[in-house]
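The file start_15.txt contains compact mmCIF, C-alpha atoms:
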# COMPACT_ATOMS: atom_id res chain seq x y z
CA MET R 1 -6.78 -16.19 8.23
CA VAL R 2 -4.76 -12.95 7.97
CA ASP R 3 -2.48 -12.75 4.92
CA ILE R 4 0.77 -10.86 5.51
CA TRP R 5 0.15 -8.99 2.25
CA SER R 6 -3.07 -7.57 3.69
CA THR R 7 -1.17 -6.01 6.57
CA VAL R 8 1.46 -4.34 4.37
CA PHE R 9 -0.72 -2.52 1.84
CA VAL R 10 -3.05 0.20 3.08
CA LEU R 11 -5.95 1.86 1.30
CA ALA R 12 -4.89 5.51 1.14
CA PRO R 13 -7.45 8.20 1.96
CA LEU R 14 -9.16 9.21 -1.29
CA THR R 15 -11.60 12.10 -1.51
CA ARG R 16 -14.18 11.22 -4.16
CA PHE R 17 -17.19 13.43 -3.29
CA ARG R 18 -19.75 10.59 -3.49
CA ASN R 19 -21.65 11.52 -0.29
CA ASP R 20 -25.21 12.82 -0.09
CA GLU R 21 -26.48 16.38 0.31
CA ALA R 22 -26.39 15.98 4.10
CA HIS R 23 -22.68 15.08 3.81
CA ALA R 24 -23.31 11.51 4.95
CA PRO R 25 -22.02 8.38 3.19
CA THR R 26 -24.42 6.38 1.03
CA ASP R 27 -24.64 2.74 0.00
CA LEU R 28 -21.98 3.53 -2.60
CA ALA R 29 -19.46 4.14 0.19
CA VAL R 30 -20.51 0.95 1.98
CA GLU R 31 -19.78 -1.02 -1.17
CA TYR R 32 -16.56 0.87 -1.98
CA TYR R 33 -14.90 0.24 1.37
CA SER R 34 -16.23 -3.31 1.65
CA GLN R 35 -14.79 -4.21 -1.77
CA ARG R 36 -11.31 -3.17 -0.64
CA ALA R 37 -11.37 -4.73 2.83
CA THR R 38 -9.22 -7.81 3.48
CA PRO R 39 -8.62 -9.74 6.73
CA GLY R 40 -6.17 -7.79 8.85
CA GLY R 41 -5.92 -4.99 6.29
CA LEU R 42 -6.02 -1.27 7.13
CA LEU R 43 -8.29 1.15 5.29
CA ILE R 44 -8.06 4.91 5.82
CA SER R 45 -11.25 6.77 5.00
CA GLU R 46 -11.54 9.75 2.74
CA GLY R 47 -11.09 13.02 4.62
CA ILE R 48 -14.06 13.72 6.92
CA LEU R 49 -14.75 17.33 7.94
CA ILE R 50 -14.89 17.83 11.69
CA SER R 51 -17.44 20.66 11.98
CA PRO R 52 -19.62 23.08 9.99
CA GLY R 53 -16.83 25.67 10.16
CA ALA R 54 -14.17 23.29 8.85
CA GLY R 55 -15.20 23.85 5.23
CA ALA R 56 -18.21 22.84 3.19
CA PHE R 57 -17.72 21.06 -0.13
CA PRO R 58 -20.38 19.36 -2.27
CA GLY R 59 -20.24 15.61 -1.74
CA ALA R 60 -17.60 15.78 1.01
CA PRO R 61 -18.39 13.77 4.16
CA GLU R 62 -18.78 15.13 7.68
CA ILE R 63 -19.12 13.53 11.10
CA TYR R 64 -20.85 15.88 13.54
CA THR R 65 -24.54 14.95 13.28
CA GLU R 66 -26.24 11.82 14.56
CA ASP R 67 -27.42 10.93 11.05
CA GLN R 68 -23.88 11.20 9.68
CA ILE R 69 -22.59 8.97 12.49
CA LYS R 70 -25.35 6.44 11.80
CA GLU R 71 -24.51 6.25 8.10
CA TRP R 72 -20.78 5.88 8.78
CA LYS R 73 -21.63 2.96 11.06
CA LYS R 74 -22.92 1.08 8.01
CA VAL R 75 -19.53 1.54 6.36
CA THR R 76 -17.51 0.39 9.36
CA ASP R 77 -19.79 -2.60 9.94
CA ALA R 78 -19.24 -3.72 6.35
CA VAL R 79 -15.46 -3.38 6.71
CA HIS R 80 -15.40 -5.27 10.00
CA GLU R 81 -17.44 -8.08 8.48
CA LYS R 82 -14.47 -8.63 6.15
CA GLY R 83 -12.07 -8.71 9.13
CA ALA R 84 -10.40 -5.40 8.24
CA VAL R 85 -9.55 -2.29 10.26
CA ILE R 86 -10.65 1.22 9.30
CA PHE R 87 -9.44 4.61 10.56
CA ALA R 88 -11.31 7.87 9.91
CA GLN R 89 -9.20 10.67 8.50
CA ILE R 90 -10.43 13.90 10.12
CA TRP R 91 -9.60 17.36 8.81
CA HIS R 92 -10.18 21.10 8.66
CA ALA R 93 -9.76 22.83 5.30
CA GLY R 94 -8.53 26.18 6.60
CA ARG R 95 -7.97 28.62 3.75
CA PHE R 96 -8.99 26.03 1.13
CA GLY R 97 -12.61 26.74 1.99
CA THR R 98 -14.85 29.26 0.26
CA ALA R 99 -17.34 31.72 1.75
CA SER R 100 -19.85 30.88 -0.99
CA LEU R 101 -20.27 27.37 0.47
CA ASN R 102 -19.56 27.94 4.17
CA PRO R 103 -22.55 28.16 6.54
CA GLY R 104 -23.58 31.81 6.76
CA ASN R 105 -21.09 32.59 3.97
CA THR R 106 -18.35 33.01 6.56
CA ILE R 107 -14.85 33.77 5.32
CA PRO R 108 -12.43 30.81 5.45
CA VAL R 109 -9.95 30.86 8.32
CA ALA R 110 -6.20 30.24 8.50
CA PRO R 111 -3.18 30.92 10.71
CA SER R 112 -2.52 34.11 8.73
CA ALA R 113 -4.48 36.32 6.34
CA ILE R 114 -2.60 35.03 3.28
CA ALA R 115 -4.46 33.71 0.24
CA ALA R 116 -3.22 30.75 -1.75
CA SER R 117 -2.54 31.52 -5.39
CA GLY R 118 -4.73 30.32 -8.22
CA PHE R 119 -8.45 29.77 -8.48
CA ASN R 120 -10.96 28.04 -6.23
CA ALA R 121 -12.00 24.54 -7.30
CA PHE R 122 -15.40 24.78 -5.59
CA ALA R 123 -16.66 28.37 -5.85
CA GLN R 124 -18.93 28.98 -8.84
CA PRO R 125 -18.09 29.29 -11.69
CA LEU R 126 -15.48 26.61 -11.04
CA PHE R 127 -11.81 27.57 -11.40
CA THR R 128 -12.63 31.21 -12.18
CA VAL R 129 -12.88 32.70 -8.68
CA PRO R 130 -9.49 33.63 -7.14
CA MET R 131 -8.64 31.98 -3.82
CA GLU R 132 -9.99 34.13 -1.01
CA VAL R 133 -7.94 35.96 1.59
CA PRO R 134 -8.72 34.03 4.79
CA ARG R 135 -9.38 35.52 8.18
CA GLU R 136 -6.63 35.01 10.76
CA LEU R 137 -7.80 32.82 13.62
CA THR R 138 -7.85 34.21 17.13
CA ARG R 139 -6.34 32.25 20.03
CA ASP R 140 -9.80 31.42 21.35
CA GLU R 141 -10.90 30.15 17.95
CA ILE R 142 -7.82 27.92 17.75
CA LYS R 143 -8.78 26.39 21.10
CA GLU R 144 -12.30 25.77 19.78
CA ILE R 145 -10.93 23.96 16.72
CA VAL R 146 -8.78 21.77 18.96
CA GLN R 147 -11.92 20.68 20.78
CA GLU R 148 -13.75 20.13 17.49
CA PHE R 149 -11.08 17.60 16.52
CA ALA R 150 -11.58 15.84 19.86
CA VAL R 151 -15.36 15.69 19.39
CA ALA R 152 -14.95 14.44 15.81
CA ALA R 153 -12.70 11.66 17.11
CA GLU R 154 -15.34 10.66 19.67
CA ASN R 155 -17.97 10.65 16.93
CA ALA R 156 -15.74 8.45 14.76
CA ILE R 157 -15.50 5.88 17.54
CA LYS R 158 -19.28 6.02 17.97
CA ALA R 159 -19.54 5.33 14.24
CA GLY R 160 -17.47 2.18 14.66
CA PHE R 161 -14.12 3.38 13.35
CA ASP R 162 -11.12 1.69 14.95
CA GLY R 163 -9.30 5.00 15.25
CA VAL R 164 -8.68 8.36 13.61
CA GLU R 165 -5.94 9.76 11.41
CA ILE R 166 -5.50 13.48 12.08
CA HIS R 167 -4.87 15.12 8.71
CA GLY R 168 -1.85 17.37 9.16
CA ALA R 169 -0.77 17.27 5.51
CA ASN R 170 -1.51 18.46 1.98
CA GLY R 171 -1.89 22.17 2.67
CA LEU R 172 -4.89 21.89 5.00
CA LEU R 173 -5.30 23.85 8.24
CA ILE R 174 -2.81 22.02 10.46
CA ASP R 175 -0.28 22.02 7.61
CA GLN R 176 -0.88 25.73 7.12
CA PHE R 177 0.21 26.28 10.73
CA ILE R 178 3.29 24.05 10.43
CA ASN R 179 4.74 25.61 7.28
CA SER R 180 6.67 28.85 7.33
CA ALA R 181 5.24 30.11 4.01
CA SER R 182 1.64 30.10 5.23
CA ASN R 183 2.15 30.99 8.90
CA LYS R 184 3.34 34.53 9.61
CA ARG R 185 1.87 34.87 13.10
CA THR R 186 3.80 36.67 15.82
CA ASP R 187 2.17 34.99 18.83
CA GLU R 188 2.79 31.56 20.39
CA TYR R 189 1.48 29.87 17.21
CA GLY R 190 3.96 31.43 14.79
CA GLY R 191 7.64 32.08 14.20
CA SER R 192 9.79 29.29 15.59
CA ILE R 193 9.36 25.59 14.77
CA GLU R 194 8.17 25.05 18.33
CA ASN R 195 5.45 27.67 17.91
CA ARG R 196 4.35 26.68 14.40
CA THR R 197 3.92 23.07 15.49
CA ARG R 198 2.11 23.90 18.73
CA LEU R 199 -1.29 23.15 17.17
CA VAL R 200 -0.09 19.68 16.12
CA PHE R 201 0.43 18.70 19.74
CA GLU R 202 -2.60 20.48 21.16
CA ILE R 203 -4.84 18.54 18.77
CA GLN R 204 -2.97 15.30 19.42
CA ASN R 205 -3.35 15.67 23.19
CA ALA R 206 -7.03 16.55 23.01
CA VAL R 207 -7.81 13.61 20.72
CA VAL R 208 -5.72 11.19 22.79
CA ASP R 209 -7.55 12.31 25.92
CA SER R 210 -10.85 11.64 24.15
CA ILE R 211 -10.30 8.22 22.60
CA GLY R 212 -6.91 6.84 23.73
CA GLN R 213 -3.43 7.02 22.23
CA GLU R 214 -3.61 3.62 20.51
CA ARG R 215 -6.51 4.89 18.39
CA VAL R 216 -4.81 8.04 17.14
CA ALA R 217 -2.55 8.53 14.10
CA TYR R 218 -1.17 11.54 12.22
CA ARG R 219 -0.51 12.32 8.55
CA PHE R 220 2.21 14.72 7.35
CA SER R 221 3.68 15.92 4.04
CA PRO R 222 7.04 17.68 4.59
CA TRP R 223 7.48 18.44 0.88
CA GLY R 224 3.89 19.14 -0.05
CA ASP R 225 3.40 22.22 -2.18
CA LEU R 226 -0.36 22.21 -2.58
CA GLY R 227 -1.84 25.66 -2.14
CA ASP R 228 1.51 27.44 -1.71
CA VAL R 229 2.19 25.64 1.56
CA TRP R 230 5.89 24.93 1.97
CA ASP R 231 8.53 25.12 4.68
CA GLU R 232 12.07 26.54 4.73
CA THR R 233 13.47 23.71 6.90
CA PRO R 234 11.45 20.51 6.32
CA TYR R 235 13.98 18.12 7.88
CA ALA R 236 14.26 20.20 11.03
CA THR R 237 10.55 20.92 11.29
CA TRP R 238 9.21 17.37 10.92
CA SER R 239 12.07 15.87 12.90
CA TYR R 240 11.04 18.12 15.78
CA ILE R 241 7.44 16.91 15.38
CA LEU R 242 8.43 13.25 15.50
CA GLU R 243 10.71 13.78 18.49
CA LYS R 244 7.86 15.39 20.45
CA LEU R 245 4.95 13.30 19.17
CA ASN R 246 3.40 10.73 21.48
CA PRO R 247 5.43 7.56 20.70
CA LYS R 248 2.46 5.32 21.46
CA LEU R 249 0.31 6.61 18.60
CA ALA R 250 -1.12 3.93 16.30
CA TYR R 251 1.09 5.08 13.40
CA VAL R 252 2.43 8.06 11.50
CA HIS R 253 1.66 8.49 7.81
CA PHE R 254 4.08 10.45 5.62
CA VAL R 255 3.70 11.52 2.00
CA GLU R 256 6.78 10.79 -0.11
CA PRO R 257 8.56 13.78 -1.70
CA ARG R 258 8.36 11.90 -5.01
CA ASP R 259 4.55 12.05 -4.87
CA ASP R 260 3.36 12.50 -8.44
CA TYR R 261 -0.28 13.36 -7.77
CA VAL R 262 -0.46 16.29 -5.34
CA ARG R 263 2.98 17.75 -6.09
CA LYS R 264 3.41 19.77 -9.29
CA ILE R 265 6.83 18.16 -9.87
CA PRO R 266 7.95 14.96 -8.06
CA ASP R 267 11.00 15.47 -5.84
CA PHE R 268 13.59 12.70 -6.16
CA GLU R 269 16.31 14.48 -4.17
CA ASN R 270 14.78 14.41 -0.70
CA SER R 271 13.83 11.34 1.34
CA LEU R 272 11.67 10.17 4.22
CA ASP R 273 14.55 8.05 5.55
CA PRO R 274 15.55 10.47 8.34
CA PHE R 275 11.96 10.40 9.61
CA ARG R 276 11.80 6.61 9.38
CA MET R 277 14.88 6.45 11.61
CA LEU R 278 13.32 8.73 14.22
CA TRP R 279 9.96 7.00 14.53
CA LYS R 280 10.00 3.64 16.31
CA GLY R 281 6.36 2.73 15.78
CA PRO R 282 4.40 1.78 12.64
CA PHE R 283 5.30 4.04 9.70
CA ILE R 284 3.12 4.39 6.60
CA SER R 285 4.49 6.01 3.46
CA ALA R 286 2.37 7.13 0.51
CA GLY R 287 2.89 8.88 -2.80
CA GLY R 288 4.16 7.77 -6.18
CA TYR R 289 3.43 4.09 -5.69
CA THR R 290 0.55 3.85 -8.16
CA THR R 291 2.81 4.66 -11.08
CA SER R 292 5.63 2.46 -9.75
CA PRO R 293 4.09 -0.85 -8.59
CA ASP R 294 7.51 -2.52 -8.30
CA LEU R 295 8.46 0.19 -5.83
CA VAL R 296 5.67 -0.91 -3.50
CA LYS R 297 7.25 -4.27 -2.73
CA SER R 298 10.84 -3.01 -2.62
CA VAL R 299 10.13 -0.14 -0.18
CA ALA R 300 8.04 -2.43 2.03
CA GLN R 301 10.80 -5.03 2.13
CA GLU R 302 13.68 -2.58 2.59
CA THR R 303 12.11 -0.33 5.21
CA GLY R 304 9.46 -2.43 6.93
CA ASN R 305 6.96 0.35 6.18
CA LEU R 306 3.32 -0.11 5.51
CA ILE R 307 2.56 1.26 2.04
CA ALA R 308 -0.53 3.35 1.34
CA VAL R 309 -1.77 3.13 -2.23
CA GLY R 310 -4.50 5.31 -3.69
CA ARG R 311 -5.26 5.37 -7.41
CA SER R 312 -4.31 1.74 -8.03
CA PHE R 313 -6.35 0.59 -5.03
CA LEU R 314 -9.29 2.59 -6.38
CA ALA R 315 -9.02 0.90 -9.80
CA ASN R 316 -8.28 -2.54 -8.34
CA PRO R 317 -10.54 -3.46 -5.42
CA ASP R 318 -8.55 -6.70 -5.15
CA TYR R 319 -5.23 -4.82 -5.22
CA VAL R 320 -3.71 -6.93 -2.46
CA GLU R 321 -4.38 -10.18 -4.32
CA ARG R 322 -3.13 -8.75 -7.60
CA LEU R 323 0.18 -7.66 -6.10
CA LYS R 324 0.56 -10.92 -4.19
CA ASN R 325 0.03 -13.04 -7.31
CA GLY R 326 1.66 -10.79 -9.89
CA TRP R 327 -1.62 -10.23 -11.72
CA PRO R 328 -1.84 -7.17 -14.01
CA LEU R 329 -3.40 -3.99 -12.65
CA THR R 330 -6.41 -2.22 -14.15
CA LYS R 331 -5.64 1.36 -15.18
CA TYR R 332 -7.57 4.02 -13.27
CA ASN R 333 -9.81 6.52 -15.08
CA ARG R 334 -8.98 10.05 -13.97
CA GLU R 335 -12.13 11.41 -15.63
CA THR R 336 -14.35 9.70 -13.03
CA PHE R 337 -12.35 10.60 -9.91
CA TYR R 338 -14.79 13.28 -8.77
CA THR R 339 -18.01 12.53 -10.62
CA ALA R 340 -21.22 11.36 -8.99
CA GLY R 341 -22.52 7.81 -9.05
CA PRO R 342 -20.96 4.35 -9.18
CA ALA R 343 -18.88 4.76 -12.35
CA GLY R 344 -15.19 4.87 -11.52
CA TYR R 345 -15.95 4.14 -7.88
CA ILE R 346 -17.46 0.70 -7.33
CA ASP R 347 -17.55 -0.70 -10.89
CA TYR R 348 -13.86 -1.49 -11.32
CA PRO R 349 -13.47 -5.24 -11.97
CA PHE R 350 -11.96 -7.90 -9.76
CA TYR R 351 -9.30 -9.99 -11.48
CA TYR R 352 -11.39 -13.15 -11.44
CA THR R 353 -14.21 -11.36 -13.29
CA GLU R 354 -11.76 -10.25 -15.97
CA THR R 355 -10.46 -13.77 -16.52

Before anything else, please render the file you have as structure tokens.
Amino acid sequence: MVDIWSTVFVLAPLTRFRNDEAHAPTDLAVEYYSQRATPGGLLISEGILISPGAGAFPGAPEIYTEDQIKEWKKVTDAVHEKGAVIFAQIWHAGRFGTASLNPGNTIPVAPSAIAASGFNAFAQPLFTVPMEVPRELTRDEIKEIVQEFAVAAENAIKAGFDGVEIHGANGLLIDQFINSASNKRTDEYGGSIENRTRLVFEIQNAVVDSIGQERVAYRFSPWGDLGDVWDETPYATWSYILEKLNPKLAYVHFVEPRDDYVRKIPDFENSLDPFRMLWKGPFISAGGYTTSPDLVKSVAQETGNLIAVGRSFLANPDYVERLKNGWPLTKYNRETFYTAGPAGYIDYPFYYTET
């Protein structure tokens, strides 16, 4: 029997770098996703890289080899056994990559040859190497990346995923094209809102053609500031996207401006409400809900949104039951977010084991 609570709360995509050296999920991932699956519930996978050129990070999953597809099938089978639905979040890192890890030590790519500020979290020694100046993509290379997204979507369906969430948020490649601060191109992919969002729709159309519109979703973050990616006119830019996006997509997934994890400072002045009004299909909102559990229920009831929760769902595999019954939540351990092994990943207790 499907509980209405299961259909409201969504497992947010959480990168935790627990995959093997071949960038395939292990039995840890099978257990992690299975623990959090509930009848009728939606799980969104951690970000899965679409191709060798999309960025290479230790422990990050990929989905372009037969072995990777086979191992992901174990995850999706376990989720489906619990009666849940799982979408694969697919992404390209763009300028967040590093030549020291990329195949052939190739320079990371981006819409424009503009480096993000700060230090690289993956190049050795960690957090000491300045972010690299990326190479500006050519038109032909952009077309190749569009097709890589389509192939990754096909591979996700082969692996048993129910659909894919195209990652167009959080400062990654698609977001780098959308935002005016990171896109200074002078061709048909830069300048106006129409041009800067062109890649959004080219990828959408290619993926829809590959696997069907009902299996495709998109994630956006209009007020994200990760990696110096920001836009001068967020309301106008993302309103344009929603007005032009295929209305039959499975859902759209927006990050709240008040997000207190990715953003340096939560933004309580702006709101997703204008976007909620524009989109007539399923709308998922994420960001800031872990630290405000009461907000989860109120936003769900007031807006009809699905609510994606990350850190609290990580620390509470039975999160849905805890919220439904008013049971206390286990506090997450930030120190184990990105470490190897089961600690802080599959060893968080269920409420009944605590009591």

**OP:** Please check which residues have atoms at most 7 Å from (3.0, 26.1, 0.7) in the file's coordinates, counting only C-alpha atoms, and write them as an MDAnalysis selection string.
**Re:** chainID R and resid 171 179 181:182 225:231

Original post:
Which residues, written as a list in words, have at least one atom at most 9 Å from range 65-74 of chain R, with only C-alpha atoms counted and residues fewer than 2 positions away on the same chain left out?
Top reply: Ala22, His23, Ala24, Pro25, Thr26, Asp27, Ala29, Val30, Pro61, Glu62, Ile63, Thr76, Asp77, Ala78, Val79, Asn155, Ala156, Lys158, Ala159, Gly160 and Phe161 of chain R

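Excluding Lys324 in chain R itself and any same-chain residue fewer than 3 positions from it, the protein and nucleic acid residues within 12 Å of it, counting only C-alpha atoms, are Asp3, Ile4, Trp5, Ser6, Thr7, Val8, Phe9, Pro293, Asp294, Val296, Lys297, Asp318, Tyr319, Val320, Glu321, Trp327, Pro328 and Leu329 of chain R.
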
Could you list, with a cut-off of 6 Å and counting all atoms listed in the file, the residues of range 184-218 of chain R near range 245-259 of chain R, each shown with its nearest atom pair and the distance in Å rounded to one decimal, rows sorted by chain and ascending number, as a tab-separated table?
residue	atom	partner	partner_atom	distance
R:Gln213	CA	R:Leu249	CA	5.2
R:Glu214	CA	R:Ala250	CA	4.9
R:Arg215	CA	R:Ala250	CA	5.9
R:Val216	CA	R:Leu249	CA	5.5
R:Ala217	CA	R:Tyr251	CA	5.1
R:Tyr218	CA	R:Val252	CA	5.1

**OP:** Find the spatial neighbours of Thr237 in chain R, counting only C-alpha atoms, within a cut-off of 12 Å - ignore same-chain residues fewer than 5 positions away - and output them as a ChimeraX atom specification.
**Re:** /R:175,177-180,191-198,200,220-223,230-232,242-244,274-275

Subject >> Computed interatomic separation between CA of Pro108 in chain R and CA of Ile50 in chain R (Å) >> reply: 14.6 Å

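Using all atoms listed in the file, the nearest neighbour of Leu295 in chain R within the list R:Ala56, R:Leu323, R:Met277, R:Val146 is R:Leu323.
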
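If you count all atoms listed in the file and ignore residues fewer than 4 places along the chain from range 119-130 of chain R, what sits within 8 Å of it is Phe57, Phe96, Thr98, Ser100 and Leu101 of chain R.
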
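The space separating CA of Thr106 in chain R from CA of Leu173 in chain R comes to 16.0 Å.
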
Subject >> Exercise: Ile145 in chain R partners within 10 Å, all atoms listed in the file, chain neighbours under 5 positions left out, as number ranges by chain >> reply: R: 50-51, 53-54, 92, 137, 140, 150-151, 199, 203

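The residue that comes closest to Arg185 in chain R, out of R:Leu172, R:Leu306, R:Ala113, R:Ala206 and on the basis of only C-alpha atoms, is R:Ala113.
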
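Nearest to Pro317 in chain R of all the residues R:Gly341, R:Gly97, R:Pro349, R:Pro234 is R:Pro349, counting all atoms listed in the file.
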
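Between Glu21 in chain R and the candidates R:Ala340, R:Ile86, R:Ala93, R:Lys280, the tightest atom-to-atom separation, counting all atoms listed in the file, involves R:Ala340.
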
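The space separating CA of Asn325 in chain R from CA of Gly83 in chain R comes to 20.9 Å.
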
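The closest residue to Lys184 in chain R, picked from R:Ala84, R:Ile114, R:Ala12, R:Val164 and counting all atoms listed in the file, is R:Ile114.
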